[in-house]
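Structure record follows, encoded as structure tokens.
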Amino acid sequence: MNDFGSLAWLARPDGSVVLGYGPFTSAAIPPVDGVAFYLQRYGLDQPEPWRIPAAFEYLDARELERRFSNRPLPECEWDEIDAGPFAGVFQEVMDEIRRGTFEKTVPVVVEEGTLVSGSPLDLAAAMTRQGSPRLSYAWVEDNQGFSGATPEVLFSLVDRKLVTMALAGTAKREERVVFAVDEKEIREHEYVAQSLVSKLGDIGTVHRGDRTILDLGSLVHFLSPIEVGLDESQKPSELIRRLHPTPALGPHPRTPGTLAQLIAWRRRLGCPYEFGAPFGVWDHGRFDAIVAIRGVWWEGRHVKLPAGCGVIEVSRLVNEWRELRLKREAVKQVLAS
Ligand SMILES: C=C(O[C@@H]1C=C(C(=O)O)C=C[C@H]1O)C(=O)O
């Protein structure tokens with residue numbers, strides 16, 4: 001595997017992986033009969049989000065892991081994290097909720113550190129060592145990039161069938177029993193599930209499955225699977241605008257105002273542009289996109305590890321701070337395994 005030049009991959013929910021090699025060509029639309037990665041910022045403000053690779057191959061998740069099996073474990077030294085800026089934003093979020101501006105939003109905390117041994121590609125390689133239900137993704141340029149192992153799929157689209165999920169509500173695995181009946185977590189989840197069902201109900205026949213618990217080892221989440229038979233075929237970019245950000249990563253209700261406010265908070269807290277954004281791959285008419293969370297972003301040896309948490313009226317700062325730490329620790333565990 002070459003250390004230089006650009007590289008991208010996405011593990012898809014069906015177990016297959018598309019691995020693309022640069023140089024990549026940017027485009028405003030994907031090639032009908034080809035492959036293109038979808039690289040976008042959280043605010044969906046990039047006019048040419050499609051990246052057509054010079055070459056690509058299909059693998060499965062195990063084969064991808066094997067490609068990187070000789071890579072050493074990277075080592076990061078993490079700076080102490082200052083709770084002050086997040087606490088300030090949290091207070092502003094609560095004030096807006098009380099004022100009735102929105103019911104939920106998702107501020108982000110960013111832990112920063114230095115890669116002291118290994119290369120950025122070793123960070124990305126570590127992300128391939130987690131199997132299903134985590135999906136590994138990476139965008140690796142010469143001096144910068146990001147990579148993660150996410151449990152969240154924005155949607156998969158084949159012909160007129162769209163498959164998505166509501167994933168929200170978080171607890172430590174040991175708290176699973178009480179989590180299952182925790183009204184605050186259920187409410188947070190239901191904002192996401194109901195918003196997806198109503199946004200998709202306008203364009204097709206929606207089937208929502210039962211709410212289940214997704215077990216990620218140290219963490220658990222609520223997950224509701226959702227399937228849609230679309231009335232007409234739809235372009236990925238239009239579906240992305242309809243769905244992103246879901247209330248799992250964004251404000252509810254989502255209006256230009258509530259979204260702009262969250263983007264400003266994210267900037268203040270040093271959040272990378274692509275965190276929580278869709279990252280996807282178009283493959284000859286089929287499209288899969290994940291939500292870029294549970295990952296690391298780097299520029300040279302400077303590494304960022306962002307995590308977000310859903311805040312609603314009954315949220316408390318100490319509990320959210322703990323949840324953010326759990327999510328970051330889950331990523332650090334992946335880097336160390
Ligand atoms: C925002 C993150 O995760 C999202 C937020 C969740 C929550 O608030 O309970 C759960 C899963 C994800 O949809 C993250 O991992 O950083």
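Identifiers in this document derive from the order of the structure tokens: chains are assigned A, B, ..., residues are numbered from 1 separately in each chain, and ligands are numbered from 1 in order of occurrence.
Using only C-alpha atoms, the residues found no farther than 10 Å from Thr212 in chain A, other than those of its own chain fewer than 5 positions away, are Leu167, Ala180, His221, Phe222, Leu223, Ser224 and Pro225 of chain A.
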Print the selection's residues with N, CA and C atoms to a file, as an mmCIF file, in the first residue's frame.
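Now in part-v7.cif:
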```
data_model
loop_
_atom_site.group_PDB
_atom_site.id
_atom_site.type_symbol
_atom_site.label_atom_id
_atom_site.label_comp_id
_atom_site.auth_asym_id
_atom_site.auth_seq_id
_atom_site.Cartn_x
_atom_site.Cartn_y
_atom_site.Cartn_z
ATOM 1 N N LEU A 167 -30.471 6.510 14.405
ATOM 2 C CA LEU A 167 -29.509 6.040 15.398
ATOM 3 C C LEU A 167 -29.272 7.195 16.365
ATOM 4 N N ALA A 180 -32.827 1.007 28.253
ATOM 5 C CA ALA A 180 -33.968 0.540 27.451
ATOM 6 C C ALA A 180 -35.271 1.224 27.851
ATOM 7 N N HIS A 221 -26.582 2.097 21.539
ATOM 8 C CA HIS A 221 -27.457 3.148 21.003
ATOM 9 C C HIS A 221 -28.818 2.545 20.693
ATOM 10 N N PHE A 222 -29.836 3.410 20.604
ATOM 11 C CA PHE A 222 -31.108 2.972 20.021
ATOM 12 C C PHE A 222 -31.008 3.058 18.502
ATOM 13 N N LEU A 223 -31.557 2.045 17.858
ATOM 14 C CA LEU A 223 -31.563 2.010 16.390
ATOM 15 C C LEU A 223 -32.947 1.605 15.889
ATOM 16 N N SER A 224 -33.512 2.392 14.991
ATOM 17 C CA SER A 224 -34.745 1.985 14.299
ATOM 18 C C SER A 224 -34.434 1.892 12.813
ATOM 19 N N PRO A 225 -34.581 0.689 12.225
ATOM 20 C CA PRO A 225 -34.356 0.578 10.777
ATOM 21 C C PRO A 225 -35.545 1.154 10.007
#
```
Shell of 8 Å around Asp231 in chain A, only C-alpha atoms, local chain residues under 3 positions omitted, as number ranges by chain = A: 160, 203-205
Neighbours of Leu326 in chain A within 9 Å (only C-alpha atoms; same-chain residues fewer than 5 positions away dropped), as a PDB file with N, CA and C atoms, in the first residue's frame?
```pdb
ATOM      1  N   ALA A 171     -25.753   5.088  25.726  1.00  0.00           N
ATOM      2  CA  ALA A 171     -25.413   4.739  27.115  1.00  0.00           C
ATOM      3  C   ALA A 171     -24.210   3.809  27.110  1.00  0.00           C
ATOM      4  N   LYS A 172     -23.629   3.665  28.284  1.00  0.00           N
ATOM      5  CA  LYS A 172     -22.591   2.661  28.490  1.00  0.00           C
ATOM      6  C   LYS A 172     -23.243   1.298  28.419  1.00  0.00           C
ATOM      7  N   SER A 218     -18.403  -1.071  24.068  1.00  0.00           N
ATOM      8  CA  SER A 218     -18.436  -0.194  25.242  1.00  0.00           C
ATOM      9  C   SER A 218     -19.713   0.667  25.274  1.00  0.00           C
ATOM     10  N   LEU A 219     -20.289   0.926  24.114  1.00  0.00           N
ATOM     11  CA  LEU A 219     -21.457   1.807  24.000  1.00  0.00           C
ATOM     12  C   LEU A 219     -22.656   1.073  23.446  1.00  0.00           C
ATOM     13  N   TRP A 321     -21.409  15.707  29.035  1.00  0.00           N
ATOM     14  CA  TRP A 321     -19.938  15.691  29.026  1.00  0.00           C
ATOM     15  C   TRP A 321     -19.431  14.262  29.151  1.00  0.00           C
ATOM     16  N   VAL A 331     -13.513   5.673  20.194  1.00  0.00           N
ATOM     17  CA  VAL A 331     -12.622   5.861  19.037  1.00  0.00           C
ATOM     18  C   VAL A 331     -11.174   5.534  19.426  1.00  0.00           C
TER      19      VAL A 331
END
```
Would you list the residues that come within 6 Å of ligand 1? Count only C-alpha atoms and all ligand atoms and give the answer as number ranges by chain.
-> A: 167-170, 248-249, 293-294, 307-310, 327
Residues of range 17-201 of chain A classed as strand (DSSP E or B) by DSSP on the backbone are to be reported as a compact mmCIF listing (two decimals) with C-alpha atoms, in the first residue's frame.
```
# COMPACT_ATOMS: atom_id res chain seq x y z
CA VAL A 17 -15.80 -2.08 0.18
CA VAL A 18 -14.89 0.36 -2.58
CA LEU A 19 -11.23 1.36 -2.42
CA GLY A 20 -10.29 4.25 -4.69
CA TYR A 21 -6.85 5.55 -5.68
CA THR A 25 -11.10 14.42 -10.31
CA SER A 26 -13.74 16.71 -8.81
CA ALA A 27 -17.17 16.87 -10.41
CA VAL A 35 -17.52 5.23 -9.49
CA ALA A 36 -17.23 8.46 -7.51
CA PHE A 37 -16.77 9.19 -3.84
CA TYR A 38 -18.99 11.83 -2.26
CA LEU A 39 -16.93 14.23 -0.13
CA TRP A 50 -17.94 14.12 -6.30
CA ARG A 51 -14.40 12.72 -6.48
CA ILE A 52 -13.72 10.34 -9.35
CA ALA A 55 -8.52 3.59 -10.30
CA PHE A 56 -10.61 1.59 -7.87
CA GLU A 57 -11.19 -1.94 -6.69
CA TYR A 58 -13.85 -3.89 -4.85
CA LEU A 59 -12.93 -5.76 -1.69
CA ASP A 60 -14.72 -7.06 1.32
CA GLU A 75 0.28 6.51 18.97
CA CYS A 76 -1.31 9.84 19.82
CA GLU A 77 -0.67 12.15 22.73
CA TRP A 78 -3.88 13.93 23.62
CA LYS A 104 -32.91 19.56 19.92
CA THR A 105 -29.46 20.28 18.57
CA VAL A 108 -19.59 19.02 19.27
CA VAL A 109 -16.50 18.78 21.44
CA VAL A 110 -13.09 18.32 19.85
CA GLU A 111 -10.16 16.63 21.55
CA GLU A 112 -6.84 17.55 19.96
CA GLY A 113 -3.54 15.74 19.98
CA THR A 114 -0.31 14.89 18.24
CA LEU A 115 0.55 11.78 16.31
CA VAL A 116 3.82 10.83 18.03
CA SER A 117 4.46 7.52 16.34
CA LEU A 135 -18.31 0.69 8.71
CA SER A 136 -14.84 1.94 8.01
CA TYR A 137 -14.31 5.02 5.86
CA ALA A 138 -11.30 7.10 4.89
CA TRP A 139 -10.31 10.11 2.86
CA VAL A 140 -6.52 10.39 2.75
CA GLN A 144 -4.50 15.76 5.57
CA GLY A 145 -7.52 13.55 5.79
CA PHE A 146 -9.96 11.76 8.02
CA SER A 147 -10.95 8.22 8.80
CA GLY A 148 -13.32 6.43 11.13
CA ALA A 149 -15.45 3.41 11.89
CA THR A 150 -19.06 4.60 12.07
CA VAL A 153 -25.66 4.94 7.72
CA LEU A 154 -27.30 8.02 6.19
CA PHE A 155 -28.86 5.86 3.47
CA SER A 156 -28.28 3.18 0.86
CA LEU A 157 -30.05 3.53 -2.47
CA VAL A 158 -30.54 0.91 -5.17
CA LYS A 161 -35.34 1.21 -2.67
CA LEU A 162 -33.89 3.36 0.08
CA VAL A 163 -32.66 1.93 3.39
CA THR A 164 -31.82 4.19 6.31
CA MET A 165 -31.82 4.22 10.09
CA ALA A 166 -32.50 6.39 13.09
CA LEU A 167 -29.51 6.04 15.40
CA ALA A 168 -29.62 8.16 18.54
CA GLY A 169 -29.71 7.69 22.27
CA THR A 170 -26.49 6.57 23.97
CA ALA A 171 -25.41 4.74 27.11
CA LYS A 172 -22.59 2.66 28.49
```
With only C-alpha atoms as the atoms that count, which of A:Trp9, A:Phe102, A:Tyr42, A:Phe179 lies nearest to Val291 in chain A?
-> A:Tyr42
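Distance-wise, CA of Arg301 in chain A and CA of Asn143 in chain A end up 8.7 Å apart.
Each of A:Val197, A:Ile97, A:Leu10, A:Val178 was checked against Ala124 in chain A using only C-alpha atoms; the smallest atom-to-atom distance is that of A:Leu10.
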Residues at most 10 Å from Asp122 in chain A, counting only C-alpha atoms, excluding those fewer than 6 positions away in the same chain, as number ranges by chain?
-> A: 3, 68-75, 335
Export, as a PDB file, in the first residue's frame, the selected residues with N, CA and C atoms.
```
ATOM      1  N   ASP A   3       2.216   4.996   0.608  1.00  0.00           N
ATOM      2  CA  ASP A   3       2.013   5.982   1.667  1.00  0.00           C
ATOM      3  C   ASP A   3       1.658   7.330   1.092  1.00  0.00           C
ATOM      4  N   PHE A  68      -3.943  -3.841   5.256  1.00  0.00           N
ATOM      5  CA  PHE A  68      -3.256  -2.942   6.185  1.00  0.00           C
ATOM      6  C   PHE A  68      -2.700  -3.672   7.392  1.00  0.00           C
ATOM      7  N   SER A  69      -2.686  -5.012   7.335  1.00  0.00           N
ATOM      8  CA  SER A  69      -2.382  -5.760   8.562  1.00  0.00           C
ATOM      9  C   SER A  69      -0.939  -5.571   9.026  1.00  0.00           C
ATOM     10  N   ASN A  70      -0.060  -5.141   8.104  1.00  0.00           N
ATOM     11  CA  ASN A  70       1.336  -4.934   8.516  1.00  0.00           C
ATOM     12  C   ASN A  70       1.586  -3.537   9.096  1.00  0.00           C
ATOM     13  N   ARG A  71       0.553  -2.752   9.175  1.00  0.00           N
ATOM     14  CA  ARG A  71       0.724  -1.374   9.669  1.00  0.00           C
ATOM     15  C   ARG A  71       0.800  -1.358  11.185  1.00  0.00           C
ATOM     16  N   PRO A  72       1.742  -0.621  11.755  1.00  0.00           N
ATOM     17  CA  PRO A  72       1.838  -0.561  13.217  1.00  0.00           C
ATOM     18  C   PRO A  72       0.693   0.248  13.820  1.00  0.00           C
ATOM     19  N   LEU A  73       0.475   0.037  15.113  1.00  0.00           N
ATOM     20  CA  LEU A  73      -0.537   0.851  15.786  1.00  0.00           C
ATOM     21  C   LEU A  73      -0.001   2.273  15.944  1.00  0.00           C
ATOM     22  N   PRO A  74      -0.797   3.256  15.576  1.00  0.00           N
ATOM     23  CA  PRO A  74      -0.346   4.647  15.739  1.00  0.00           C
ATOM     24  C   PRO A  74      -0.419   5.022  17.218  1.00  0.00           C
ATOM     25  N   GLU A  75       0.346   6.036  17.578  1.00  0.00           N
ATOM     26  CA  GLU A  75       0.279   6.511  18.967  1.00  0.00           C
ATOM     27  C   GLU A  75       0.021   8.007  18.971  1.00  0.00           C
ATOM     28  N   LEU A 335      -8.386   2.845  17.836  1.00  0.00           N
ATOM     29  CA  LEU A 335      -7.015   3.178  17.414  1.00  0.00           C
ATOM     30  C   LEU A 335      -5.998   2.267  18.081  1.00  0.00           C
TER      31      LEU A 335
END
```
Pull the alpha helix (DSSP H) assignments for range 41-171 of chain A out of DSSP run on the backbone, and list those residues as an NGL selection string.
-> :A and (61-67 or 84-99 or 120-127)
Print the selection's residues with C-alpha atoms to a file, as a CSV table (one decimal), in the first residue's frame.
```
chain,number,residue,atom,x,y,z
A,61,ALA,CA,-14.1,-5.7,4.8
A,62,ARG,CA,-11.8,-8.5,5.8
A,63,GLU,CA,-9.7,-8.1,2.7
A,64,LEU,CA,-9.4,-4.4,3.4
A,65,GLU,CA,-8.2,-5.1,6.9
A,66,ARG,CA,-5.6,-7.6,5.5
A,67,ARG,CA,-4.2,-5.0,3.1
A,84,GLY,CA,-15.2,25.9,29.3
A,85,PRO,CA,-16.0,26.5,25.6
A,86,PHE,CA,-18.4,23.6,25.5
A,87,ALA,CA,-20.1,24.6,28.7
A,88,GLY,CA,-20.6,28.1,27.2
A,89,VAL,CA,-22.2,26.7,24.1
A,90,PHE,CA,-24.3,24.2,26.1
A,91,GLN,CA,-25.7,27.2,28.1
A,92,GLU,CA,-26.6,29.0,24.9
A,93,VAL,CA,-28.2,25.9,23.5
A,94,MET,CA,-30.4,25.5,26.6
A,95,ASP,CA,-31.4,29.2,26.4
A,96,GLU,CA,-32.5,28.7,22.8
A,97,ILE,CA,-34.5,25.6,23.7
A,98,ARG,CA,-36.3,27.5,26.5
A,99,ARG,CA,-37.0,30.3,24.1
A,120,PRO,CA,-1.7,9.1,9.3
A,121,LEU,CA,-2.3,6.1,7.2
A,122,ASP,CA,-1.8,4.0,10.3
A,123,LEU,CA,-4.7,5.9,11.9
A,124,ALA,CA,-6.8,5.0,8.9
A,125,ALA,CA,-5.6,1.4,8.9
A,126,ALA,CA,-6.7,1.0,12.5
A,127,MET,CA,-10.2,1.9,11.5
```
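Note that the spacing between CA of Val281 in chain A and CA of Ser233 in chain A amounts to 17.5 Å.
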